[in-house]
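Visitor: This is structure.cif (mmCIF, C-alpha atoms and all ligand atoms).
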```
data_data
#
loop_
_atom_site.label_atom_id
_atom_site.label_comp_id
_atom_site.auth_asym_id
_atom_site.auth_seq_id
_atom_site.Cartn_x
_atom_site.Cartn_y
_atom_site.Cartn_z
CA MET A 1 0.00 0.00 0.00
CA ASP A 2 1.15 3.53 -0.70
CA GLU A 3 3.25 4.80 2.18
CA HIS A 4 0.98 7.84 2.76
CA LEU A 5 -2.12 5.69 3.04
CA ALA A 6 -0.40 3.34 5.44
CA PHE A 7 0.79 6.30 7.51
CA ILE A 8 -2.67 7.85 7.77
CA GLU A 9 -4.29 4.50 8.58
CA GLU A 10 -1.74 3.83 11.27
CA GLN A 11 -2.21 7.23 12.92
CA VAL A 12 -6.00 6.88 12.93
CA ASP A 13 -5.70 3.36 14.35
CA ARG A 14 -3.37 4.61 17.06
CA HIS A 15 -5.82 7.38 17.88
CA HIS A 16 -8.65 4.84 18.23
CA GLU A 17 -6.50 2.61 20.39
CA TRP A 18 -5.51 5.58 22.58
CA PHE A 19 -9.07 6.85 23.00
CA SER A 20 -10.35 3.37 23.84
CA LYS A 21 -8.04 3.49 26.89
CA SER A 22 -8.66 7.14 27.82
CA LEU A 23 -11.13 9.23 29.75
CA PRO A 24 -12.57 11.63 27.12
CA MET A 25 -13.65 14.63 29.19
CA ILE A 26 -13.62 17.61 26.84
CA ALA A 27 -16.96 19.29 27.45
CA SER A 28 -17.65 19.96 23.77
CA GLU A 29 -17.24 16.42 22.43
CA ASN A 30 -19.15 13.16 22.42
CA VAL A 31 -19.26 9.82 20.65
CA ILE A 32 -22.00 9.06 18.12
CA SER A 33 -24.11 5.94 18.04
CA PRO A 34 -23.28 3.04 15.70
CA LEU A 35 -26.36 3.74 13.55
CA ALA A 36 -25.50 7.43 13.21
CA ARG A 37 -21.90 6.50 12.32
CA GLU A 38 -23.19 4.28 9.55
CA ARG A 39 -25.17 7.15 8.01
CA LEU A 40 -21.98 9.24 7.97
CA LEU A 41 -20.48 6.70 5.59
CA SER A 42 -23.41 6.82 3.16
CA ASP A 43 -23.43 8.22 -0.39
CA PHE A 44 -25.22 11.28 1.03
CA GLY A 45 -21.72 12.51 1.84
CA ASP A 46 -20.85 12.61 -1.87
CA ARG A 47 -23.85 14.67 -2.99
CA TYR A 48 -24.97 18.26 -3.18
CA ALA A 49 -28.24 19.81 -2.11
CA GLU A 50 -28.88 23.53 -1.87
CA GLY A 51 -31.97 25.25 -0.56
CA LEU A 52 -34.94 23.38 0.87
CA PRO A 53 -36.49 19.98 0.14
CA GLY A 54 -38.57 20.24 -3.03
CA GLU A 55 -36.91 23.52 -4.03
CA ARG A 56 -33.39 22.40 -4.89
CA TYR A 57 -30.88 23.68 -7.36
CA TYR A 58 -29.58 20.18 -8.14
CA GLN A 59 -31.22 16.98 -9.34
CA GLY A 60 -30.60 13.74 -7.49
CA ASN A 61 -32.11 14.80 -4.18
CA VAL A 62 -35.25 12.64 -4.22
CA PHE A 63 -34.29 10.60 -1.13
CA VAL A 64 -32.21 13.36 0.42
CA ASP A 65 -35.38 15.48 0.48
CA GLU A 66 -37.33 12.71 2.19
CA VAL A 67 -34.64 12.37 4.84
CA GLU A 68 -34.30 16.10 5.40
CA ARG A 69 -38.04 16.55 5.87
CA ARG A 70 -37.97 13.78 8.50
CA VAL A 71 -34.91 15.22 10.27
CA VAL A 72 -36.65 18.61 10.49
CA THR A 73 -39.80 16.97 11.90
CA LEU A 74 -37.76 15.09 14.49
CA ALA A 75 -35.92 18.27 15.55
CA GLU A 76 -39.16 20.26 15.82
CA LYS A 77 -40.68 17.51 17.95
CA LEU A 78 -37.64 17.11 20.19
CA PHE A 79 -37.21 20.84 20.81
CA ARG A 80 -40.93 21.68 20.64
CA CYS A 81 -40.59 24.47 18.09
CA ARG A 82 -42.01 25.63 14.77
CA LEU A 83 -38.69 26.11 12.97
CA ALA A 84 -35.78 23.70 12.90
CA ASP A 85 -33.18 24.49 10.27
CA VAL A 86 -30.84 21.51 10.10
CA ARG A 87 -28.56 22.94 7.42
CA PRO A 88 -25.87 24.81 9.38
CA ILE A 89 -22.75 22.66 9.13
CA SER A 90 -21.57 23.59 12.63
CA GLY A 91 -22.60 25.61 15.65
CA THR A 92 -20.32 28.45 14.61
CA VAL A 93 -21.90 28.48 11.14
CA ALA A 94 -25.35 28.66 12.77
CA ASN A 95 -24.03 31.66 14.72
CA LEU A 96 -22.80 33.28 11.51
CA ALA A 97 -26.30 32.86 10.06
CA VAL A 98 -27.69 34.86 12.99
CA TYR A 99 -25.09 37.60 12.48
CA TYR A 100 -26.13 37.87 8.82
CA ALA A 101 -29.85 37.64 9.53
CA LEU A 102 -30.24 39.91 12.53
CA LEU A 103 -27.29 42.28 12.73
CA GLU A 104 -25.76 44.94 10.49
CA PRO A 105 -22.31 46.44 10.94
CA GLY A 106 -22.50 49.08 13.67
CA ASP A 107 -25.44 47.45 15.48
CA ILE A 108 -25.16 46.87 19.21
CA MET A 109 -25.24 43.34 20.58
CA THR A 110 -24.90 42.42 24.23
CA SER A 111 -23.18 39.14 25.10
CA VAL A 112 -21.17 37.20 27.67
CA ALA A 113 -17.46 38.04 27.84
CA LEU A 114 -14.91 35.53 26.59
CA SER A 115 -13.28 35.22 30.01
CA HIS A 116 -16.73 34.48 31.46
CA GLY A 117 -17.05 31.47 29.20
CA ALA A 118 -18.47 32.84 25.94
CA HIS A 119 -17.80 31.23 22.58
CA ILE A 120 -15.07 32.76 20.45
CA SER A 121 -17.55 33.63 17.66
CA SER A 122 -19.09 36.30 19.91
CA ALA A 123 -15.74 38.01 20.56
CA LYS A 124 -14.59 41.32 19.14
CA PHE A 125 -11.76 39.51 17.34
CA GLY A 126 -14.12 36.68 16.28
CA ALA A 127 -17.16 36.57 14.00
CA ALA A 128 -19.04 39.33 15.89
CA GLY A 129 -16.21 41.82 15.51
CA MET A 130 -15.61 40.81 11.90
CA ARG A 131 -19.27 41.45 11.13
CA GLY A 132 -18.67 44.94 12.57
CA VAL A 133 -21.02 44.35 15.47
CA ASN A 134 -20.57 46.64 18.45
CA ASN A 135 -20.37 44.10 21.25
CA VAL A 136 -21.03 45.04 24.89
CA ASN A 137 -20.44 42.45 27.64
CA TYR A 138 -22.70 41.69 30.58
CA PRO A 139 -21.54 42.00 34.19
CA PHE A 140 -20.80 38.59 35.69
CA ASP A 141 -21.18 37.11 39.17
CA VAL A 142 -17.99 35.05 39.51
CA ASP A 143 -19.16 33.38 42.71
CA ARG A 144 -22.24 31.97 40.96
CA MET A 145 -20.45 31.59 37.60
CA ASN A 146 -23.46 33.21 36.00
CA LEU A 147 -24.67 36.60 34.82
CA ASP A 148 -25.26 39.31 37.39
CA VAL A 149 -29.02 39.51 36.81
CA ASP A 150 -29.65 43.08 38.00
CA GLY A 151 -26.56 44.42 36.25
CA THR A 152 -27.47 42.61 33.04
CA ALA A 153 -31.03 43.96 33.06
CA ARG A 154 -29.63 47.45 33.68
CA LEU A 155 -27.13 47.10 30.83
CA ILE A 156 -29.81 45.94 28.38
CA ARG A 157 -32.04 48.89 29.31
CA GLN A 158 -29.10 51.26 29.02
CA VAL A 159 -27.56 50.20 25.69
CA ARG A 160 -30.79 48.92 24.06
CA PRO A 161 -29.12 46.24 21.93
CA LYS A 162 -30.61 45.05 18.68
CA VAL A 163 -29.79 41.52 19.83
CA ALA A 164 -29.20 40.26 23.36
CA ALA A 165 -27.03 37.16 22.95
CA PHE A 166 -26.53 34.48 25.59
CA GLY A 167 -24.82 31.14 25.97
CA GLN A 168 -21.36 29.97 26.92
CA SER A 169 -18.70 27.37 26.28
CA VAL A 170 -18.17 27.16 30.04
CA PHE A 171 -21.88 26.77 30.65
CA LEU A 172 -22.35 25.70 34.26
CA PHE A 173 -25.72 27.24 35.17
CA PRO A 174 -28.89 28.16 33.27
CA THR A 175 -29.05 31.70 31.88
CA PRO A 176 -31.59 33.79 33.85
CA LEU A 177 -33.75 34.47 30.80
CA LYS A 178 -37.01 34.57 32.73
CA GLU A 179 -35.59 37.17 35.11
CA LEU A 180 -34.51 39.33 32.17
CA ARG A 181 -37.76 39.10 30.26
CA ASP A 182 -39.03 42.56 31.27
CA ALA A 183 -35.81 44.15 30.01
CA PHE A 184 -36.16 42.29 26.69
CA GLN A 185 -39.74 43.42 26.28
CA GLU A 186 -39.08 47.05 27.26
CA THR A 187 -36.24 47.41 24.78
CA GLY A 188 -37.72 45.25 22.02
CA CYS A 189 -34.41 43.43 21.46
CA ARG A 190 -34.21 40.02 19.84
CA VAL A 191 -33.02 37.30 22.20
CA TRP A 192 -30.49 34.81 20.87
CA TYR A 193 -29.40 31.80 22.90
CA ASP A 194 -26.30 29.87 21.79
CA GLY A 195 -27.07 26.51 23.34
CA ALA A 196 -24.29 24.51 21.67
CA HIS A 197 -23.04 22.97 24.90
CA VAL A 198 -26.41 22.18 26.40
CA MET A 199 -28.60 21.15 23.44
CA GLY A 200 -28.89 17.55 24.65
CA LEU A 201 -29.74 18.69 28.17
CA ILE A 202 -32.44 21.07 26.90
CA ALA A 203 -33.87 18.34 24.66
CA GLY A 204 -33.73 15.91 27.58
CA GLY A 205 -35.75 18.26 29.81
CA GLN A 206 -32.79 19.31 31.97
CA PHE A 207 -31.12 22.66 32.47
CA GLN A 208 -33.63 25.16 30.99
CA ASP A 209 -36.14 25.64 28.18
CA PRO A 210 -34.96 28.81 26.38
CA LEU A 211 -37.75 28.97 23.78
CA ARG A 212 -40.33 29.05 26.57
CA GLU A 213 -38.26 31.51 28.64
CA GLY A 214 -37.91 34.32 26.12
CA ALA A 215 -35.40 33.26 23.45
CA ASP A 216 -36.39 34.12 19.87
CA VAL A 217 -33.73 31.90 18.35
CA ILE A 218 -31.42 29.11 19.50
CA THR A 219 -28.27 28.06 17.69
CA GLY A 220 -26.23 25.04 18.56
CA SER A 221 -23.90 22.32 17.52
CA THR A 222 -25.18 18.76 17.53
CA HIS A 223 -22.25 16.85 19.00
CA LYS A 224 -21.78 17.91 22.60
CA THR A 225 -24.49 16.98 25.10
CA LEU A 226 -26.63 16.16 22.05
CA PRO A 227 -24.49 13.18 21.08
CA GLY A 228 -24.69 13.46 17.31
CA PRO A 229 -22.47 14.09 14.30
CA GLN A 230 -20.39 17.25 14.00
CA HIS A 231 -23.04 19.57 12.58
CA GLY A 232 -25.19 22.57 13.54
CA ILE A 233 -28.82 23.51 14.04
CA LEU A 234 -30.94 26.65 14.32
CA LEU A 235 -34.29 26.68 16.14
CA SER A 236 -37.07 29.17 16.67
CA ASP A 237 -40.65 29.07 17.85
CA SER A 238 -41.47 32.51 16.52
CA GLY A 239 -44.76 33.01 14.72
CA ASP A 240 -43.31 36.05 12.94
CA GLU A 241 -42.93 34.81 9.38
CA LYS A 242 -40.63 37.64 8.28
CA PHE A 243 -38.27 36.97 11.18
CA VAL A 244 -38.20 33.24 10.47
CA LYS A 245 -37.54 33.89 6.77
CA ARG A 246 -34.62 36.18 7.66
CA LEU A 247 -33.11 33.46 9.84
CA MET A 248 -33.47 30.84 7.12
CA LYS A 249 -31.98 33.16 4.52
CA GLY A 250 -29.13 33.76 6.93
CA VAL A 251 -28.44 30.02 6.74
CA PHE A 252 -28.92 29.66 2.99
CA PRO A 253 -27.75 31.45 0.94
CA GLY A 254 -26.12 33.39 3.81
CA VAL A 255 -23.49 31.02 5.10
CA VAL A 256 -24.18 27.54 3.74
CA SER A 257 -24.19 26.13 0.25
CA ASN A 258 -24.33 22.33 0.48
CA HIS A 259 -25.14 21.29 4.02
CA HIS A 260 -23.17 18.04 4.46
CA LEU A 261 -26.01 15.64 3.80
CA HIS A 262 -24.39 12.62 5.46
CA ALA A 263 -24.14 14.58 8.74
CA MET A 264 -27.72 15.78 8.32
CA ALA A 265 -28.88 12.14 7.94
CA ALA A 266 -26.79 11.05 10.93
CA LEU A 267 -28.33 13.89 12.92
CA GLY A 268 -31.75 12.40 12.17
CA VAL A 269 -30.65 9.16 13.82
CA THR A 270 -29.36 11.06 16.84
CA LEU A 271 -32.62 13.02 17.19
CA ALA A 272 -34.70 9.82 16.98
CA GLU A 273 -32.47 8.20 19.60
CA HIS A 274 -32.64 11.26 21.84
CA LEU A 275 -36.45 11.21 21.69
CA GLU A 276 -36.21 7.67 23.04
CA PHE A 277 -33.26 7.86 25.45
CA GLY A 278 -32.53 11.60 25.88
CA ARG A 279 -34.35 12.12 29.16
CA ASP A 280 -32.47 9.36 30.98
CA TYR A 281 -29.20 10.33 29.36
CA ALA A 282 -29.44 14.06 30.15
CA ALA A 283 -30.44 13.39 33.76
CA GLN A 284 -27.49 11.02 34.26
CA VAL A 285 -25.07 13.49 32.63
CA VAL A 286 -26.04 16.16 35.16
CA ARG A 287 -26.00 13.73 38.11
CA ASN A 288 -22.53 12.63 37.06
CA ALA A 289 -21.29 16.21 36.75
CA LYS A 290 -22.53 17.09 40.22
CA ALA A 291 -21.00 13.91 41.65
CA LEU A 292 -17.70 14.57 39.91
CA GLY A 293 -17.64 18.18 41.17
CA GLN A 294 -18.14 17.01 44.75
CA ALA A 295 -15.56 14.22 44.42
CA LEU A 296 -12.94 16.54 42.91
CA HIS A 297 -13.59 19.09 45.66
CA GLU A 298 -13.17 16.43 48.35
CA ARG A 299 -9.84 15.38 46.83
CA GLY A 300 -8.47 18.91 47.03
CA PHE A 301 -9.34 20.49 43.68
CA LYS A 302 -10.61 24.07 43.64
CA VAL A 303 -13.83 23.51 41.71
CA LEU A 304 -15.64 26.77 40.90
CA ALA A 305 -19.13 27.62 42.20
CA GLU A 306 -18.68 25.37 45.22
CA LYS A 307 -21.45 27.14 47.18
CA HIS A 308 -23.86 26.58 44.32
CA GLY A 309 -23.36 22.86 43.82
CA PHE A 310 -20.55 23.28 41.22
CA THR A 311 -22.81 22.88 38.20
CA GLU A 312 -26.27 22.20 36.83
CA SER A 313 -24.97 21.09 33.44
CA HIS A 314 -22.46 18.56 32.11
CA ALA A 315 -19.48 20.85 32.73
CA LEU A 316 -17.18 21.81 35.59
CA ALA A 317 -14.46 24.43 35.80
CA MET A 318 -11.47 24.10 38.12
CA ASP A 319 -8.91 26.68 39.14
CA VAL A 320 -5.59 24.83 38.95
CA SER A 321 -3.32 27.87 39.20
CA ALA A 322 -1.85 26.56 42.48
CA LEU A 323 -1.18 23.19 40.81
CA GLY A 324 0.85 24.56 37.89
CA GLY A 325 -1.84 26.27 35.79
CA GLY A 326 -4.26 25.07 33.13
CA ALA A 327 -1.66 24.36 30.43
CA GLN A 328 0.61 22.27 32.63
CA VAL A 329 -2.16 20.35 34.37
CA SER A 330 -4.09 19.52 31.18
CA LEU A 331 -0.85 18.27 29.62
CA ALA A 332 -0.13 16.07 32.65
CA PHE A 333 -3.71 14.73 32.44
CA GLU A 334 -3.16 13.93 28.77
CA LYS A 335 -0.05 11.91 29.61
CA ALA A 336 -2.27 9.91 31.97
CA ASN A 337 -4.83 9.52 29.13
CA ILE A 338 -7.30 11.89 30.80
CA ILE A 339 -8.33 14.22 27.99
CA THR A 340 -9.37 17.73 29.10
CA ASN A 341 -8.60 21.29 28.02
CA LYS A 342 -7.05 24.34 29.63
CA ASN A 343 -9.54 27.18 29.98
CA LEU A 344 -9.73 30.87 30.74
CA LEU A 345 -11.32 31.68 34.07
CA PRO A 346 -13.04 35.02 34.81
CA TRP A 347 -9.97 36.64 36.37
CA ASP A 348 -7.49 35.51 33.68
CA THR A 349 -5.87 38.08 31.43
CA SER A 350 -3.74 35.79 29.25
CA SER A 351 -5.28 33.05 27.13
CA LEU A 352 -1.78 31.57 26.85
CA ARG A 353 -1.59 31.06 30.62
CA PRO A 354 -5.15 30.29 31.72
CA SER A 355 -5.59 29.17 35.29
CA GLY A 356 -8.41 26.76 34.58
CA VAL A 357 -9.19 23.29 33.37
CA ARG A 358 -12.68 22.51 32.01
CA VAL A 359 -14.18 19.03 32.07
CA GLY A 360 -17.49 17.49 31.02
CA THR A 361 -19.27 14.25 31.88
CA GLN A 362 -21.35 13.84 28.71
CA GLU A 363 -19.05 11.33 26.99
CA LEU A 364 -18.23 9.28 30.08
CA THR A 365 -21.99 9.03 30.68
CA ARG A 366 -22.52 7.91 27.08
CA LEU A 367 -20.02 5.14 27.81
CA GLY A 368 -22.17 3.98 30.70
CA MET A 369 -20.43 5.57 33.69
CA ARG A 370 -22.44 6.64 36.70
CA GLU A 371 -21.82 8.34 40.06
CA ALA A 372 -19.63 5.52 41.41
CA GLN A 373 -17.24 5.85 38.47
CA MET A 374 -17.08 9.63 39.01
CA GLN A 375 -15.41 8.88 42.36
CA GLU A 376 -12.80 6.81 40.56
CA VAL A 377 -12.29 9.44 37.87
CA ALA A 378 -11.74 12.13 40.52
CA GLY A 379 -9.25 9.86 42.28
CA LEU A 380 -7.27 9.33 39.07
CA MET A 381 -7.24 13.08 38.36
CA ALA A 382 -6.04 13.81 41.90
CA ARG A 383 -3.21 11.29 41.56
CA VAL A 384 -1.94 13.24 38.54
CA ALA A 385 -2.52 16.86 39.52
CA ILE A 386 -2.36 16.85 43.32
CA LYS A 387 -0.26 13.85 44.32
CA LYS A 388 1.94 14.41 41.23
CA GLU A 389 2.21 10.71 40.47
CA ASP A 390 3.96 9.72 37.28
CA PRO A 391 1.16 10.11 34.62
CA PRO A 392 2.00 6.93 32.63
CA ARG A 393 1.53 4.95 35.86
CA VAL A 394 -1.91 6.48 36.35
CA ALA A 395 -2.67 5.77 32.66
CA LYS A 396 -2.57 2.04 33.44
CA ASP A 397 -5.41 2.46 35.95
CA VAL A 398 -7.30 4.75 33.55
CA ALA A 399 -7.19 1.91 31.01
CA GLY A 400 -8.38 -0.48 33.72
CA LEU A 401 -11.41 1.71 34.42
CA ARG A 402 -12.21 2.04 30.71
CA ARG A 403 -12.14 -1.73 30.18
CA ASP A 404 -15.71 -2.05 31.48
CA PHE A 405 -16.94 1.12 29.78
CA ASN A 406 -16.12 0.80 26.15
CA THR A 407 -19.47 0.68 24.42
CA VAL A 408 -22.03 3.30 23.44
CA HIS A 409 -25.18 3.58 25.59
CA TYR A 410 -28.48 5.52 25.28
CA CYS A 411 -28.92 4.51 21.63
CA PHE A 412 -30.45 1.79 19.46
CA HIS A 413 -28.03 -1.17 19.36
CA PRO A 414 -26.23 -0.30 22.58
CA GLY A 415 -23.12 -2.27 23.31
CA VAL A 416 -21.21 -1.62 20.08
CA PRO A 417 -17.63 -0.56 20.85
CA ALA A 418 -17.27 3.21 20.90
CA HIS A 419 -14.10 3.02 18.84
CA ALA A 420 -15.02 0.09 16.61
CA ARG A 421 -12.57 -0.32 13.77
CA LEU A 422 -14.40 -0.17 10.46
CA ARG A 423 -12.85 -2.56 7.97
CA LEU A 424 -14.65 -2.06 4.68
CA PHE A 425 -11.97 -3.01 2.23
CA ARG A 426 -10.40 -6.20 3.49
N1 LIG A 501 -15.78 26.51 21.97
C1 LIG A 501 -15.56 25.12 21.72
C2 LIG A 501 -15.60 24.37 22.99
O1 LIG A 501 -16.44 24.67 23.83
O2 LIG A 501 -14.80 23.46 23.16
C3 LIG A 501 -16.58 24.58 20.81
O3 LIG A 501 -16.80 25.38 19.70
#
```
Output the structure of this file as structure tokens.
Guide:
Amino acid sequence: MDEHLAFIEEQVDRHHEWFSKSLPMIASENVISPLARERLLSDFGDRYAEGLPGERYYQGNVFVDEVERRVVTLAEKLFRCRLADVRPISGTVANLAVYYALLEPGDIMTSVALSHGAHISSAKFGAAGMRGVNNVNYPFDVDRMNLDVDGTARLIRQVRPKVAAFGQSVFLFPTPLKELRDAFQETGCRVWYDGAHVMGLIAGGQFQDPLREGADVITGSTHKTLPGPQHGILLSDSGDEKFVKRLMKGVFPGVVSNHHLHAMAALGVTLAEHLEFGRDYAAQVVRNAKALGQALHERGFKVLAEKHGFTESHALAMDVSALGGGAQVSLAFEKANIITNKNLLPWDTSSLRPSGVRVGTQELTRLGMREAQMQEVAGLMARVAIKKEDPPRVAKDVAGLRRDFNTVHYCFHPGVPAHARLRLFR
């Protein structure tokens, strides 16, 4: 076989082998179900479709259209809304669609600050700034790791944004949308909720219900707590046809041409599975996160929002500045096959030297882990970061823990290895 092919195959195989022995704890990732993975390999991935089912610019979409209509129906049922646009190819692309649909250069948007956990697309140097949006950040209550409600309401009344944007990548607690509703109504702003991290929790009836709490539009990715393919989604329950049309035009032709039809089909599988298993899954994800927060705290980690139960989502944030800082600690974890990421915390000024590490329980839960395993996970993390044990030694025990948790749960056909090696050609 050509040397390049052999090289790529070997690296991918090594990655699979590594991840089958690791604790995948990055809060923005997950593992898809075997059925969804199969759809990713379909011929849909080789085709083009632009526009909407029945109104395409290409021939050959007869069955693609049938699938897309069904995926939209499933999304609207799962999220209880009138509009589900399943064409954004990622959460960031869904965000771009909102920038094009709702904001002009020079418009004011309020949003969470980057150091308070916001997504990079809302930053001045990210998509928001590049669109020319004048971005004003909310005040933040560091103790609660959430918005300062009174200050945020005051800010909205003061700057009267065209769009009030919410949502975080360090998303520990529900956004106080209900509490801010009067401010939204008085100023007439549009309310945009980036729910990328918590889509599976929302769909599973956990965390919060933004469309019933004042959000006009939700954007999200479909592969974090919603354990689907890497893709995006845009939702609204607005009855305002003009507004909905603007959003859809923001998606296509705004920021998407072909919308990665294999991922769209795989998303349909994920949505159907989440309708069946999502409630149990989301509840266990949150129980695991709370249990992990408590266990890490008891082992000496400085887990944020201690007085508020650490989290109500899948995610936790730890201040590891006294243990060497986020970069050093996450690297040591990686050497022990505990996969996390360094993260800015509210008081950090340098993204090169963040003091935090962020973790999530959504993938460990998908692999079947429960509260008892969270105790073990915390113990392994403490051995690396607090007791400073040699990481490769800890890695052996990480692999031991993973041995019993290597298959995908909360899906049709549970029990298939999470890192099954697909051998199509031999
Ligand atoms: N911001 C990334 C994260 O939360 O990891 C996802 O886009």
Visitor: Kindly assemble as JSON lines a list of the chain A residues that lie within 9 Å of ligand LIG 501 (chain A), each paired with its nearest atom pair and their distance in Å to one decimal, using all atoms listed in the file, sorted first by chain and then by ascending residue number.
Guide:
```
{"residue": "A:Ile26", "atom": "CA", "partner": "A:LIG501", "partner_atom": "O2", "distance": 7.0}
{"residue": "A:Ala27", "atom": "CA", "partner": "A:LIG501", "partner_atom": "O2", "distance": 6.4}
{"residue": "A:Ser28", "atom": "CA", "partner": "A:LIG501", "partner_atom": "O2", "distance": 4.6}
{"residue": "A:Glu29", "atom": "CA", "partner": "A:LIG501", "partner_atom": "O2", "distance": 7.5}
{"residue": "A:Ser90", "atom": "CA", "partner": "A:LIG501", "partner_atom": "O3", "distance": 8.7}
{"residue": "A:Gly91", "atom": "CA", "partner": "A:LIG501", "partner_atom": "O3", "distance": 7.1}
{"residue": "A:Thr92", "atom": "CA", "partner": "A:LIG501", "partner_atom": "O3", "distance": 6.9}
{"residue": "A:Gly117", "atom": "CA", "partner": "A:LIG501", "partner_atom": "O1", "distance": 8.7}
{"residue": "A:Ala118", "atom": "CA", "partner": "A:LIG501", "partner_atom": "N1", "distance": 7.9}
{"residue": "A:His119", "atom": "CA", "partner": "A:LIG501", "partner_atom": "N1", "distance": 5.2}
{"residue": "A:Ile120", "atom": "CA", "partner": "A:LIG501", "partner_atom": "N1", "distance": 6.5}
{"residue": "A:Ser121", "atom": "CA", "partner": "A:LIG501", "partner_atom": "N1", "distance": 8.5}
{"residue": "A:Gln168", "atom": "CA", "partner": "A:LIG501", "partner_atom": "O1", "distance": 7.9}
{"residue": "A:Ser169", "atom": "CA", "partner": "A:LIG501", "partner_atom": "O1", "distance": 4.3}
{"residue": "A:Val170", "atom": "CA", "partner": "A:LIG501", "partner_atom": "O1", "distance": 6.9}
{"residue": "A:Phe171", "atom": "CA", "partner": "A:LIG501", "partner_atom": "O1", "distance": 9.0}
{"residue": "A:Ala196", "atom": "CA", "partner": "A:LIG501", "partner_atom": "C3", "distance": 7.8}
{"residue": "A:His197", "atom": "CA", "partner": "A:LIG501", "partner_atom": "O1", "distance": 6.9}
{"residue": "A:Ser221", "atom": "CA", "partner": "A:LIG501", "partner_atom": "O3", "distance": 8.0}
{"residue": "A:Lys224", "atom": "CA", "partner": "A:LIG501", "partner_atom": "C3", "distance": 8.6}
{"residue": "A:Asn341", "atom": "CA", "partner": "A:LIG501", "partner_atom": "O2", "distance": 8.2}
```
Visitor: Between A:Ile386, A:Ala94, A:Ala282, A:Val159, which has the minimum distance to Val198 of chain A (counting all atoms listed in the file)?
Guide: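 Answer, going by the shortest atom-to-atom distance: A:Ala282.
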Visitor: Mind giving me the axis-aligned box for segment 255-268 of chain A with 5 Å on every side, centre plus edges in Å to one decimal, as JSON?
Guide:
```
{"center_x": -27.5, "center_y": 21.0, "center_z": 6.6, "size_x": 18.6, "size_y": 30.0, "size_z": 22.7}
```
Visitor: List every protein, DNA or RNA residue with an atom no more than 12 Å from (-25.6, -0.4, 21.2) in the file's coordinates, counting only C-alpha atoms, and format the result as a PyMOL selection string.
Guide: chain A and resi 32-37+273+366-368+406-418+420
Visitor: Quick one: distance from atom CA of Ala272 of chain A to atom CA of Asp65 of chain A in Å, one decimal?
Guide: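 Rounded to one decimal, the two atoms are 17.5 Å apart.
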Visitor: When distances are computed from all atoms listed in the file, which of A:Asp280, A:Glu10, A:Asp194, A:Asp143 shows the smallest separation from Asn95 of chain A?
Guide: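 Between A:Asp280, A:Glu10, A:Asp194, A:Asp143, the residue approaching Asn95 of chain A most closely is A:Asp194.
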Visitor: Taking the point (-23.5, 35.3, 27.7) as given in the file, collect each protein or nucleic acid residue that comes within 12 Å of it, counting all atoms listed in the file, and present the set as an NGL selection string.
Guide: :A and (109-123 or 135-141 or 145-149 or 152 or 163-177 or 191-195)
Visitor: Tell me which protein, DNA and RNA residues are within 12 Å of Glu76 of chain A, counting only C-alpha atoms, leaving out same-chain ones fewer than 4 positions away, and put them as a PyMOL selection string.
Guide: chain A and resi 69-72+80-86+203+211+233-237+268+271-272+275
Visitor: Can you tell me how far atom CA of Ile156 of chain A sits from atom CA of Ala183 of chain A, in Å to one decimal?
Guide: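 Separation of atom CA of Ile156 of chain A and atom CA of Ala183 of chain A: 6.5 Å.
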Visitor: Using all atoms listed in the file, find the one residue out of A:Arg154, A:Asp46, A:Lys342, A:Pro210 that sits nearest to Thr187 of chain A.
Guide: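 Of A:Arg154, A:Asp46, A:Lys342, A:Pro210, the one nearest Thr187 of chain A is A:Arg154, counting all atoms listed in the file.
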Visitor: Nearest to Pro229 of chain A: which of A:Ala291, A:Ala336, A:Met264, A:Val256 is it, counting all atoms listed in the file?
Guide: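 Smallest distance to Pro229 of chain A is found for A:Met264.
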Visitor: Just to confirm, what's the straight-line distance from atom CA of Pro161 of chain A to atom CA of Gly239 of chain A in Å (one decimal)?
Guide: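 Separation of atom CA of Pro161 of chain A and atom CA of Gly239 of chain A: 21.7 Å.
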Visitor: Pick the closest to Glu363 of chain A from A:Gly326, A:Gly106, A:Gly228, A:Gly220: which is it, counting all atoms listed in the file?
Guide: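 Smallest distance to Glu363 of chain A is found for A:Gly228.
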Visitor: Between A:Leu23, A:Val12, A:Ala97, A:Ala127, single out the one closest to Arg402 of chain A, counting all atoms listed in the file.
Guide: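 Of the candidates, the smallest distance to Arg402 of chain A is held by A:Leu23.
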Visitor: So that I can check the surroundings of Gly360 of chain A, please list as an MDAnalysis selection string every protein, DNA and RNA residue that reaches within 9 Å of it, counting only C-alpha atoms and ignoring chain neighbours fewer than 5 positions away.
Guide: chainID A and resid 24:29 285 289 313:317 340
Visitor: Write out, as an mmCIF file, in the coordinates of the input, the residues just selected, with C-alpha atoms.
Guide:
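In the end it all went to selection_25.cif:
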```cif
data_model
loop_
_atom_site.group_PDB
_atom_site.id
_atom_site.type_symbol
_atom_site.label_atom_id
_atom_site.label_comp_id
_atom_site.auth_asym_id
_atom_site.auth_seq_id
_atom_site.Cartn_x
_atom_site.Cartn_y
_atom_site.Cartn_z
ATOM 1 C CA PRO A 24 -12.570 11.630 27.120
ATOM 2 C CA MET A 25 -13.650 14.630 29.190
ATOM 3 C CA ILE A 26 -13.620 17.610 26.840
ATOM 4 C CA ALA A 27 -16.960 19.290 27.450
ATOM 5 C CA SER A 28 -17.650 19.960 23.770
ATOM 6 C CA GLU A 29 -17.240 16.420 22.430
ATOM 7 C CA VAL A 285 -25.070 13.490 32.630
ATOM 8 C CA ALA A 289 -21.290 16.210 36.750
ATOM 9 C CA SER A 313 -24.970 21.090 33.440
ATOM 10 C CA HIS A 314 -22.460 18.560 32.110
ATOM 11 C CA ALA A 315 -19.480 20.850 32.730
ATOM 12 C CA LEU A 316 -17.180 21.810 35.590
ATOM 13 C CA ALA A 317 -14.460 24.430 35.800
ATOM 14 C CA THR A 340 -9.370 17.730 29.100
#
```
